[in-house]
Structure formats: structure tokens, C-alpha cells
file final-v3.cif (mmCIF, C-alpha atoms and all ligand atoms)
data_entry
#
loop_
_atom_site.label_atom_id
_atom_site.label_comp_id
_atom_site.auth_asym_id
_atom_site.auth_seq_id
_atom_site.Cartn_x
_atom_site.Cartn_y
_atom_site.Cartn_z
CA MET A 1 0.00 0.00 0.00
CA LYS A 2 2.86 2.34 0.84
CA ARG A 3 4.34 1.79 -2.63
CA LEU A 4 0.98 2.39 -4.30
CA LEU A 5 0.45 5.59 -2.33
CA LEU A 6 3.89 6.77 -3.38
CA LYS A 7 3.19 5.94 -7.01
CA VAL A 8 -0.05 7.91 -7.14
CA GLU A 9 1.30 10.77 -5.01
CA PRO A 10 1.73 13.14 -7.99
CA ILE A 11 -1.97 12.69 -8.85
CA LEU A 12 -3.04 13.13 -5.22
CA TRP A 13 -0.88 16.21 -4.94
CA LEU A 14 -2.29 17.73 -8.12
CA LEU A 15 -5.86 17.16 -6.90
CA PHE A 16 -4.85 18.63 -3.53
CA GLY A 17 -3.23 21.68 -5.14
CA GLN A 18 -6.24 22.34 -7.34
CA GLY A 19 -8.46 21.73 -4.31
CA ILE A 20 -6.70 24.51 -2.44
CA LEU A 21 -7.11 26.88 -5.33
CA ILE A 22 -10.78 26.06 -5.85
CA GLY A 23 -11.58 25.56 -2.19
CA THR A 24 -10.08 28.77 -0.90
CA LEU A 25 -10.91 31.08 -3.77
CA LEU A 26 -13.91 29.94 -5.76
CA LEU A 27 -15.80 27.96 -3.16
CA THR A 28 -15.51 30.75 -0.60
CA GLY A 29 -16.82 33.27 -3.11
CA TRP A 30 -19.55 30.88 -4.20
CA VAL A 31 -20.78 30.30 -0.64
CA LEU A 32 -20.50 34.00 0.22
CA VAL A 33 -22.53 35.11 -2.78
CA LEU A 34 -25.11 32.34 -3.15
CA GLY A 35 -25.25 31.10 0.42
CA ILE A 36 -25.10 34.32 2.41
CA ALA A 37 -25.30 37.51 0.34
CA ALA A 38 -28.23 36.41 -1.84
CA PRO A 39 -30.50 35.15 0.99
CA LEU A 40 -29.75 38.31 2.98
CA GLY A 41 -30.69 40.41 0.00
CA VAL A 42 -27.25 42.03 -0.29
CA VAL A 43 -27.10 40.93 -3.91
CA ASP A 44 -30.06 40.22 -6.15
CA PRO A 45 -30.91 36.55 -5.86
CA ILE A 46 -31.12 34.70 -9.15
CA SER A 47 -34.15 32.59 -9.90
CA TYR A 48 -34.00 28.81 -9.62
CA ALA A 49 -34.61 28.46 -13.35
CA ARG A 50 -31.72 30.78 -14.18
CA ALA A 51 -29.39 29.07 -11.71
CA HIS A 52 -30.38 25.71 -13.14
CA ASP A 53 -29.67 26.88 -16.67
CA LEU A 54 -26.26 28.17 -15.62
CA GLY A 55 -25.38 24.98 -13.76
CA ALA A 56 -26.64 22.68 -16.47
CA SER A 57 -24.48 24.17 -19.23
CA LEU A 58 -21.34 22.21 -20.01
CA ILE A 59 -19.08 24.76 -18.34
CA GLY A 60 -21.54 25.03 -15.44
CA ARG A 61 -21.41 21.29 -14.87
CA LEU A 62 -17.62 21.26 -14.94
CA VAL A 63 -17.43 24.19 -12.52
CA LEU A 64 -19.87 22.52 -10.14
CA LEU A 65 -17.96 19.26 -10.29
CA ALA A 66 -14.67 21.04 -9.57
CA LEU A 67 -16.27 23.03 -6.75
CA ILE A 68 -17.54 19.90 -5.05
CA ALA A 69 -14.94 17.26 -5.80
CA LEU A 70 -11.59 19.04 -5.60
CA PRO A 71 -11.98 20.40 -2.06
CA LEU A 72 -12.81 16.83 -0.99
CA TRP A 73 -9.40 15.68 -2.23
CA LYS A 74 -7.77 18.68 -0.62
CA GLY A 75 -9.48 17.86 2.67
CA ALA A 76 -8.51 14.18 2.51
CA HIS A 77 -4.87 15.02 1.79
CA HIS A 78 -4.74 17.65 4.52
CA MET A 79 -6.36 15.36 7.08
CA ARG A 80 -3.88 12.62 6.16
CA HIS A 81 -0.98 14.95 6.88
CA VAL A 82 -2.51 16.25 10.09
CA PHE A 83 -2.89 12.63 11.15
CA ILE A 84 0.76 11.91 10.33
CA ASP A 85 1.95 15.08 12.08
CA THR A 86 0.04 14.20 15.23
CA GLY A 87 1.80 10.87 15.51
CA GLY A 88 -0.25 8.56 13.31
CA GLY A 89 2.48 8.00 10.72
CA ASP A 90 2.70 4.26 11.25
CA ARG A 91 -1.00 3.86 10.41
CA ASP A 92 -0.77 5.98 7.26
CA ALA A 93 -1.12 2.90 5.03
CA THR A 94 -4.62 2.30 6.46
CA VAL A 95 -5.81 5.86 7.10
CA ALA A 96 -4.69 7.43 3.81
CA PRO A 97 -6.60 4.98 1.54
CA LEU A 98 -9.71 5.43 3.69
CA LEU A 99 -9.58 9.21 3.39
CA TYR A 100 -8.95 9.10 -0.34
CA LEU A 101 -11.73 6.55 -0.72
CA LEU A 102 -14.11 9.00 0.95
CA ALA A 103 -12.96 11.74 -1.43
CA ALA A 104 -13.38 9.36 -4.36
CA ALA A 105 -16.88 8.38 -3.21
CA GLY A 106 -17.83 12.05 -2.83
CA SER A 107 -16.44 12.78 -6.28
CA LEU A 108 -18.46 9.93 -7.74
CA VAL A 109 -21.64 11.29 -6.18
CA ALA A 110 -20.71 14.74 -7.53
CA ILE A 111 -20.23 13.33 -11.03
CA LEU A 112 -23.62 11.59 -10.88
CA ALA A 113 -25.21 14.78 -9.57
CA VAL A 114 -23.84 17.04 -12.30
CA VAL A 115 -24.63 14.51 -15.02
CA ARG A 116 -28.25 14.31 -13.87
CA LEU A 117 -28.69 18.07 -13.49
CA MET B 1 25.74 52.55 37.69
CA SER B 2 26.58 49.30 36.00
CA ASP B 3 24.56 47.97 33.05
CA VAL B 4 25.14 44.44 34.26
CA GLN B 5 21.94 42.53 34.90
CA LYS B 6 21.54 39.00 36.24
CA LYS B 7 19.70 36.34 34.30
CA THR B 8 19.11 32.71 35.16
CA PHE B 9 20.03 30.17 32.52
CA VAL B 10 18.35 26.80 32.73
CA VAL B 11 20.59 24.65 30.61
CA THR B 12 19.96 21.05 29.58
CA ARG B 13 22.86 18.80 30.59
CA PHE B 14 23.55 15.27 29.43
CA ASP B 15 26.64 13.16 29.98
CA PRO B 16 26.34 9.89 28.05
CA ASP B 17 28.72 8.16 30.47
CA ARG B 18 26.72 9.01 33.55
CA ASP B 19 23.16 10.03 32.68
CA GLN B 20 20.27 7.89 31.52
CA VAL B 21 18.18 10.95 30.68
CA PRO B 22 19.02 14.63 30.26
CA LYS B 23 18.67 16.90 33.28
CA THR B 24 18.72 20.67 33.68
CA GLN B 25 21.13 22.86 35.58
CA SER B 26 20.65 26.53 36.47
CA TYR B 27 23.30 29.21 36.29
CA GLU B 28 23.13 32.84 37.41
CA VAL B 29 24.93 34.94 34.83
CA PRO B 30 25.74 38.66 34.96
CA VAL B 31 24.87 39.69 31.39
CA GLU B 32 25.89 42.78 29.45
CA PRO B 33 23.16 44.64 27.55
CA ASP B 34 24.59 43.80 24.12
CA TRP B 35 25.10 40.10 24.74
CA LYS B 36 23.74 37.33 22.60
CA VAL B 37 22.62 34.02 24.09
CA LEU B 38 25.95 32.50 23.03
CA ASP B 39 27.90 35.08 25.07
CA ALA B 40 26.16 33.88 28.20
CA LEU B 41 26.92 30.23 27.41
CA ASN B 42 30.57 31.13 26.84
CA PHE B 43 30.57 32.99 30.14
CA ILE B 44 29.22 29.92 31.94
CA LYS B 45 31.87 27.74 30.30
CA ASP B 46 34.74 30.17 31.02
CA HIS B 47 33.80 31.33 34.53
CA ILE B 48 31.27 29.03 36.17
CA ASP B 49 31.29 25.50 34.81
CA PRO B 50 33.99 24.35 32.38
CA THR B 51 32.24 21.01 31.90
CA LEU B 52 29.44 22.58 29.85
CA SER B 53 29.65 21.50 26.21
CA HIS B 54 28.26 23.58 23.37
CA ARG B 55 29.24 24.12 19.76
CA TRP B 56 30.03 27.42 18.09
CA SER B 57 32.60 28.96 15.83
CA CYS B 58 32.07 32.15 13.83
CA ARG B 59 29.86 34.19 16.19
CA MET B 60 28.40 35.99 13.18
CA ALA B 61 25.60 33.74 11.92
CA VAL B 62 27.69 32.27 9.16
CA CYS B 63 29.04 28.88 10.24
CA GLY B 64 25.71 27.48 11.40
CA SER B 65 27.15 25.57 14.35
CA CYS B 66 25.53 27.33 17.31
CA GLY B 67 21.91 26.28 16.78
CA MET B 68 20.06 25.44 19.99
CA LEU B 69 16.60 25.53 21.46
CA VAL B 70 16.18 28.84 23.28
CA ASN B 71 12.99 29.06 25.32
CA GLY B 72 11.59 26.28 23.20
CA GLU B 73 12.43 27.79 19.81
CA PRO B 74 15.24 26.76 17.47
CA LYS B 75 17.63 29.73 17.28
CA LEU B 76 21.17 30.60 16.27
CA THR B 77 22.49 31.50 19.70
CA CYS B 78 25.08 33.90 18.29
CA LYS B 79 22.33 35.84 16.54
CA VAL B 80 19.59 36.25 19.13
CA ALA B 81 19.97 39.07 21.61
CA LEU B 82 19.53 38.27 25.29
CA SER B 83 17.58 41.49 25.67
CA SER B 84 14.67 39.85 23.85
CA TYR B 85 14.29 37.36 26.71
CA GLY B 86 13.12 37.72 30.30
CA ASP B 87 15.02 36.94 33.49
CA THR B 88 15.03 33.21 32.86
CA VAL B 89 16.33 31.71 29.66
CA GLU B 90 16.08 28.01 28.89
CA VAL B 91 18.70 26.53 26.58
CA ALA B 92 18.45 22.98 25.27
CA PRO B 93 19.96 21.01 22.39
CA LEU B 94 18.16 21.03 19.03
CA PRO B 95 15.36 18.46 19.04
CA ASN B 96 15.11 15.73 16.36
CA PHE B 97 18.84 15.00 16.64
CA PRO B 98 20.71 12.53 18.84
CA VAL B 99 22.52 14.36 21.64
CA ILE B 100 26.24 13.70 22.02
CA ARG B 101 26.63 15.73 25.17
CA ASP B 102 24.85 18.69 26.80
CA LEU B 103 23.98 21.05 23.94
CA VAL B 104 25.96 19.26 21.24
CA VAL B 105 24.02 17.17 18.73
CA GLU B 106 25.10 14.49 16.27
CA LEU B 107 24.97 15.68 12.65
CA ASP B 108 26.21 12.67 10.66
CA GLY B 109 22.70 11.62 9.61
CA PHE B 110 21.92 15.20 8.60
CA MET B 111 25.02 15.41 6.43
CA GLU B 112 24.23 12.12 4.70
CA LYS B 113 20.88 13.50 3.57
CA PHE B 114 22.63 16.12 1.44
CA GLU B 115 24.32 13.47 -0.69
CA HIS B 116 20.94 12.06 -1.74
CA VAL B 117 19.94 15.21 -3.62
CA LYS B 118 23.14 15.31 -5.71
CA PRO B 119 24.07 18.85 -4.70
CA TRP B 120 26.43 19.58 -7.54
CA ILE B 121 26.16 20.69 -11.15
CA ILE B 122 25.29 17.67 -13.27
CA ARG B 123 26.14 17.84 -16.97
CA ALA B 124 25.16 15.32 -19.62
CA LYS B 125 28.58 15.87 -21.15
CA GLU B 126 31.52 17.34 -19.26
CA ARG B 127 32.59 20.68 -20.64
CA ALA B 128 36.15 20.93 -21.90
CA VAL B 129 38.41 23.55 -20.34
CA GLU B 130 38.88 25.14 -23.79
CA ASP B 131 35.16 25.85 -23.94
CA GLY B 132 35.70 28.51 -21.28
CA PRO B 133 33.53 29.28 -18.27
CA MET B 134 29.81 28.64 -18.21
CA ARG B 135 28.20 32.04 -18.17
CA GLN B 136 25.16 32.94 -16.15
CA SER B 137 23.11 36.10 -16.30
CA PRO B 138 22.12 37.99 -13.13
CA GLU B 139 18.51 36.92 -13.78
CA GLU B 140 19.54 33.26 -13.94
CA LEU B 141 21.49 33.67 -10.71
CA GLU B 142 18.48 35.30 -9.07
CA GLU B 143 16.43 32.16 -9.77
CA PHE B 144 18.22 30.14 -7.11
CA LYS B 145 20.42 32.54 -5.15
CA HIS B 146 18.34 32.72 -2.00
CA PHE B 147 18.11 28.94 -1.84
CA SER B 148 21.90 28.80 -1.79
CA MET B 149 22.16 30.97 1.34
CA CYS B 150 21.67 28.01 3.69
CA ILE B 151 24.34 27.68 6.37
CA ASN B 152 23.36 24.13 7.41
CA CYS B 153 22.45 25.25 10.91
CA MET B 154 19.79 22.50 11.18
CA LEU B 155 17.21 24.79 12.78
CA CYS B 156 14.70 23.77 10.10
CA TYR B 157 15.14 20.09 10.99
CA ALA B 158 14.61 20.92 14.66
CA ALA B 159 11.39 22.76 13.81
CA CYS B 160 9.97 20.35 11.22
CA PRO B 161 7.06 18.22 12.52
CA VAL B 162 7.68 15.67 9.77
CA VAL B 163 11.32 15.14 10.79
CA ALA B 164 10.09 14.68 14.36
CA ASN B 165 7.87 11.77 13.30
CA GLU B 166 9.93 10.44 10.43
CA PRO B 167 13.64 10.84 11.08
CA GLU B 168 14.33 9.43 7.61
CA PHE B 169 12.58 12.39 5.92
CA LEU B 170 15.07 14.13 3.62
CA GLY B 171 14.07 17.40 5.23
CA PRO B 172 13.93 21.10 4.32
CA ALA B 173 17.60 22.05 3.95
CA ALA B 174 18.55 19.05 1.79
CA ILE B 175 15.52 19.45 -0.48
CA ALA B 176 16.17 23.20 -0.80
CA LEU B 177 19.75 22.44 -1.76
CA GLY B 178 18.75 19.90 -4.40
CA HIS B 179 16.16 22.30 -5.75
CA ARG B 180 18.77 25.07 -5.85
CA TYR B 181 20.87 22.97 -8.26
CA SER B 182 17.86 22.01 -10.36
CA LEU B 183 17.15 25.74 -10.80
CA ASP B 184 20.73 26.50 -11.83
CA SER B 185 20.95 27.33 -15.54
CA ARG B 186 24.25 25.42 -15.78
CA ASP B 187 22.76 22.22 -14.40
CA GLU B 188 21.25 19.37 -16.41
CA GLY B 189 20.39 17.08 -13.54
CA ALA B 190 16.84 18.20 -12.72
CA GLY B 191 15.43 14.99 -14.19
CA GLU B 192 17.55 12.85 -11.87
CA ARG B 193 16.59 14.92 -8.87
CA ASN B 194 12.91 14.86 -9.84
CA ARG B 195 13.07 11.06 -9.72
CA ILE B 196 14.72 11.26 -6.30
CA PHE B 197 12.07 13.69 -5.12
CA ARG B 198 9.30 11.29 -6.14
CA GLY B 199 10.77 8.65 -3.85
CA GLU B 200 9.79 7.78 -0.32
CA GLY B 201 10.44 10.26 2.46
CA THR B 202 11.19 13.25 0.25
CA VAL B 203 9.13 16.20 -0.99
CA PHE B 204 5.69 14.58 -0.72
CA ALA B 205 6.27 13.63 2.90
CA CYS B 206 6.23 17.38 3.67
CA SER B 207 3.01 18.37 5.38
CA TYR B 208 3.06 22.10 4.59
CA ALA B 209 3.64 23.15 8.19
CA ASN B 210 5.98 25.96 7.03
CA GLU B 211 7.88 25.77 10.34
CA CYS B 212 11.20 25.49 8.47
CA SER B 213 10.79 28.87 6.85
CA GLU B 214 9.61 30.40 10.13
CA VAL B 215 12.82 29.51 11.95
CA CYS B 216 15.34 29.91 9.11
CA PRO B 217 17.85 32.55 10.23
CA LYS B 218 18.96 33.25 6.66
CA ASN B 219 15.52 33.63 5.04
CA VAL B 220 16.20 30.77 2.69
CA ASP B 221 12.49 29.87 2.71
CA PRO B 222 13.02 26.12 2.44
CA ALA B 223 9.24 25.54 2.52
CA ALA B 224 8.97 27.37 -0.80
CA ALA B 225 11.77 25.23 -2.21
CA VAL B 226 10.05 22.03 -1.07
CA ASN B 227 6.77 23.05 -2.64
CA GLN B 228 8.39 24.20 -5.87
CA ALA B 229 10.23 20.88 -5.94
CA LYS B 230 6.88 19.10 -5.59
CA LEU B 231 5.50 20.96 -8.59
CA LYS B 232 8.63 20.25 -10.64
CA ALA B 233 8.49 16.57 -9.72
CA VAL B 234 4.81 16.37 -10.69
CA ILE B 235 5.27 18.20 -13.99
CA ASP B 236 8.22 15.94 -14.78
CA TRP B 237 6.08 12.91 -13.95
CA ALA B 238 3.23 14.14 -16.17
CA ALA B 239 5.67 14.93 -18.98
CA GLY B 240 7.00 11.39 -18.69
CA LEU B 241 3.50 10.07 -19.42
CA VAL B 242 3.03 11.97 -22.67
CA LEU B 243 6.55 12.41 -23.98
CA PRO B 244 8.77 9.52 -25.02
CA ARG B 245 10.90 8.45 -22.07
CA ARG B 246 14.20 10.14 -21.90
CA ALA B 247 17.18 7.81 -21.71
CA GLU B 248 17.74 6.85 -18.09
CA GLU B 249 21.18 5.93 -17.00
S1 LIG A 301 28.60 30.67 15.82
FE1 LIG A 301 28.56 30.51 13.69
S2 LIG A 301 26.47 30.68 13.25
FE2 LIG A 301 26.53 31.04 15.37
#

call {"tool": "encode", "arguments": {"input": "final-v3.cif", "output": "C-alpha cells"}}
result
Amino acid sequence: MKRLLLKVEPILWLLFGQGILIGTLLLTGWVLVLGIAAPLGVVDPISYARAHDLGASLIGRLVLLALIALPLWKGAHHMRHVFIDTGGGDRDATVAPLLYLLAAAGSLVAILAVVRL
Amino acid sequence: MSDVQKKTFVVTRFDPDRDQVPKTQSYEVPVEPDWKVLDALNFIKDHIDPTLSHRWSCRMAVCGSCGMLVNGEPKLTCKVALSSYGDTVEVAPLPNFPVIRDLVVELDGFMEKFEHVKPWIIRAKERAVEDGPMRQSPEELEEFKHFSMCINCMLCYAACPVVANEPEFLGPAAIALGHRYSLDSRDEGAGERNRIFRGEGTVFACSYANECSEVCPKNVDPAAAVNQAKLKAVIDWAAGLVLPRRAEE
């Protein structure tokens, strides 16, 4: 398992890196605007139909997928390292696959969700 | 009126011949206002207790030998002013290293890590003397210069949470050094180092704690080097998937 983790590390790291970018910049803005500012009436809320149209376009689907899936990978990778740093290094071979599996499952659900939009 | 003030130094002592575990010993030292932590240790050694062992050489933050834990933080003792501490100052050896005696740590393992990153200019073909010197523009020098300012003081290894858990981890200074050569316009060994960096216990073992850059007394920013090295290693890996494999020796 250790060897496998090492082999796929570049992929995990890329997903993590993109997750940081998306998670800290886009997702924060997304939640601020749609989750807080719009309900509070600070910005004009957009209608469900309009939001659906935006999300269901090809670019919209890709953006939604990235917004949901990438931060999951970022979170899994970060939690893995927090676990290692707090003394769990010798159980990394069990914990890391579990965390990545969760991220993978979440990504799968996200893919299904955006496909069915 | 004298400027001399008294401070208490709680110093970690360890004699491998007599002690099972380290213990602490307190010393009252009359300190001058302009003293560094190292001056007080030298005073203890010269005037109070000649059995105290500590390592130092240049006294100007260049040789990197006087690194210790001062009030729990890795510091160059010749660089930090005593005036920035209160009446009690705790001095201990750098953590994450085996202690030889008192404040002196073993650095063999640390030195071996440097060899792994091939810290020299690698050329596919040796240049002949007749070809003259390899020229480098100021911009090319700027690419890696700050990464070459490391004085091997080991403070980053003492601060790194990954080194604490995984003593085999290549660590900040060694990775920064390897990366420094990969950034050098005269070097052709980045591919080799990228392969090394994709191995176990190297760049991807780093957990982004950034502690190394926080404690670095020379502003080398090893955390930046480690993360740039990650990116380089990943790009190199991705390039290897799409481009025909380069000849590997
Ligand atoms: S004595 Fe040389 S760096 Fe402190």
C-alpha cells in the first residue's frame, strides 16, 4: 500500500493543489454570494430556473464538479498529513486509503449529480 | 551605575557516560546589555562550569554551528539578543537530533541527507576547459540565489514536525539544496533529482507546516523550495506520461 500511495502521489498532490485553489478562492466566493449575500438580499438573488440553466451548461457542470470534488481531495490530503503530524504516521497505510476513498466516493456522487442536473 | 543585569540560565545537561536521561542545571549569569545568548553560554563555560559543552565557531551567523533551542524555539544562539528574553532563559539542544553531550548534537545523519539530492552541477557531457567558463546572467542567478544561502544550521530540521515523526525524511535544507541545483541554468540534472524527489520520504512527505521557513535565520524559505520541488516533480512525472521516455542511465 505504501508503494501504491507513493506511485499515485503526484496525482493526489495535483488534486490537492487544485483543491486549495478552488476551495479557498472559488468555493468561498460561491458560498458568500449564493449562500449568504443572496438570501440576505445584499445581492439580487437569481431565480431557480436561471441558476439551473447556468449549472446545467457544459461549463456550469464542470465548474460545479470542480467546486464539489476538488476540495474533498484537498481535505482528505490535509487530514492525512494532520494525522501523520500528530503521531499517526505508522498507520498511514490504512488511514490514507480510507480518506482518499471517501474523497473518491464524494467525487463519484458529484459526477452523478452534475450529469443528472 | 553598571549595566550588568543578572539572568538565570536553565541549561539542559547530558553526559552519556553518567546520565540515563538529560537533566537541567541553572546558572546565574551577569549579562551585558549587548550580549547574545551565546555570550552567556561562553561565560558559563569560562567562569562558572567548564564542563558545559556547546558548539560554536564564527559568532556571526555564518558557520551554522551554534543552533540550539532557546525558550523552546530553534535559534542561532550567536544571533539572538539576550535582551529579547526575560530573566530566565532556557537553553536545550536542538530536538530531532541525537545528543552527544549537553547542547551538542550528532549531525552525521543530517550530512548524509545532502548526498541524496546530488548537490552539484550535473552535466550530460563534461565541458572541456577550452570551452571557457559557463556564463550565467544575473537573472539566472536570481532564480536560485536565496536557496543557496543556507548555512546548514539544522534549525529547520529541529522545527519540522515531519522530521520529528519520520527521522528518515530528507528534510527542508537538503531538499532546498537539491532544488537550488535544479534551478541553476548550468545544471542538467533536474530529471535525476525529480526522480529522487518522487521517492519515499522526500518532498511529498512534507506536510506544509511551514515551520522550516519560520525559523530559518537566513531567510532561505526552504518551505517554498520544497513546494516548488513538488510541482517540478509532478510536472516531470506528467511529462513522462506523454513524452517519449528520456534515456535513463
Ligand atoms: S557561531 Fe557561527 S552561526 Fe553562530

call {"tool": "residues_around", "arguments": {"input": "final-v3.cif", "residues": "Glu143 (chain B)", "least_positions_apart": "3", "cutoff": "12 Å", "atoms": "all atoms listed in the file", "output": "ChimeraX atom specification"}}
result
/B:136-140,146-148,179-186,225,228

call {"tool": "residues_near_ligand", "arguments": {"input": "final-v3.cif", "ligand": "ligand LIG 301 (chain A)", "cutoff": "6 Å", "atoms": "only C-alpha atoms and all ligand atoms", "output": "compact mmCIF listing (two decimals) with C-alpha atoms, keeping the file's coordinate frame"}}
result
# COMPACT_ATOMS: atom_id res chain seq x y z
CA TRP B 56 30.03 27.42 18.09
CA SER B 57 32.60 28.96 15.83
CA CYS B 58 32.07 32.15 13.83
CA ARG B 59 29.86 34.19 16.19
CA MET B 60 28.40 35.99 13.18
CA ALA B 61 25.60 33.74 11.92
CA VAL B 62 27.69 32.27 9.16
CA CYS B 63 29.04 28.88 10.24
CA GLY B 64 25.71 27.48 11.40
CA SER B 65 27.15 25.57 14.35
CA CYS B 66 25.53 27.33 17.31
CA LEU B 76 21.17 30.60 16.27
CA THR B 77 22.49 31.50 19.70
CA CYS B 78 25.08 33.90 18.29

call {"tool": "closest_residue", "arguments": {"input": "final-v3.cif", "among": "B:Ala176, B:Val220, B:Val80, B:Val89", "to": "Lys113 (chain B)", "atoms": "all atoms listed in the file"}}
result
B:Ala176

call {"tool": "closest_residue", "arguments": {"input": "final-v3.cif", "among": "B:Val234, B:Val162, B:Leu82, B:Ala209", "to": "Arg195 (chain B)", "atoms": "only C-alpha atoms"}}
result
B:Val234

call {"tool": "interface_residues", "arguments": {"input": "final-v3.cif", "of": "chain B", "to": "chain A", "cutoff": "8 Å", "atoms": "only C-alpha atoms", "output": "VMD selection string"}}
result
chain B and resid 161 to 162 165 to 166 198 to 200 204 207 233 to 234 237

call {"tool": "atom_distance", "arguments": {"input": "final-v3.cif", "atom1": "CA of Val10 (chain B)", "atom2": "CA of Thr88 (chain B)"}}
result
7.2 Å

call {"tool": "atom_distance", "arguments": {"input": "final-v3.cif", "atom1": "CA of Pro119 (chain B)", "atom2": "CA of Ile235 (chain B)"}}
result
21.0 Å

call {"tool": "residues_near_point", "arguments": {"input": "final-v3.cif", "point": "(-5.2, 9.9, -0.6)", "cutoff": "7 Å", "atoms": "all atoms listed in the file", "output": "list in words"}}
result
Leu12, Ala76, His77, Ala96, Pro97, Leu99 and Tyr100 of chain A

call {"tool": "write_last_selection", "arguments": {"input": "final-v3.cif", "atoms": "C-alpha atoms", "output": "CSV table (one decimal), keeping the file's coordinate frame"}}
result
chain,number,residue,atom,x,y,z
A,12,LEU,CA,-3.0,13.1,-5.2
A,76,ALA,CA,-8.5,14.2,2.5
A,77,HIS,CA,-4.9,15.0,1.8
A,96,ALA,CA,-4.7,7.4,3.8
A,97,PRO,CA,-6.6,5.0,1.5
A,99,LEU,CA,-9.6,9.2,3.4
A,100,TYR,CA,-9.0,9.1,-0.3
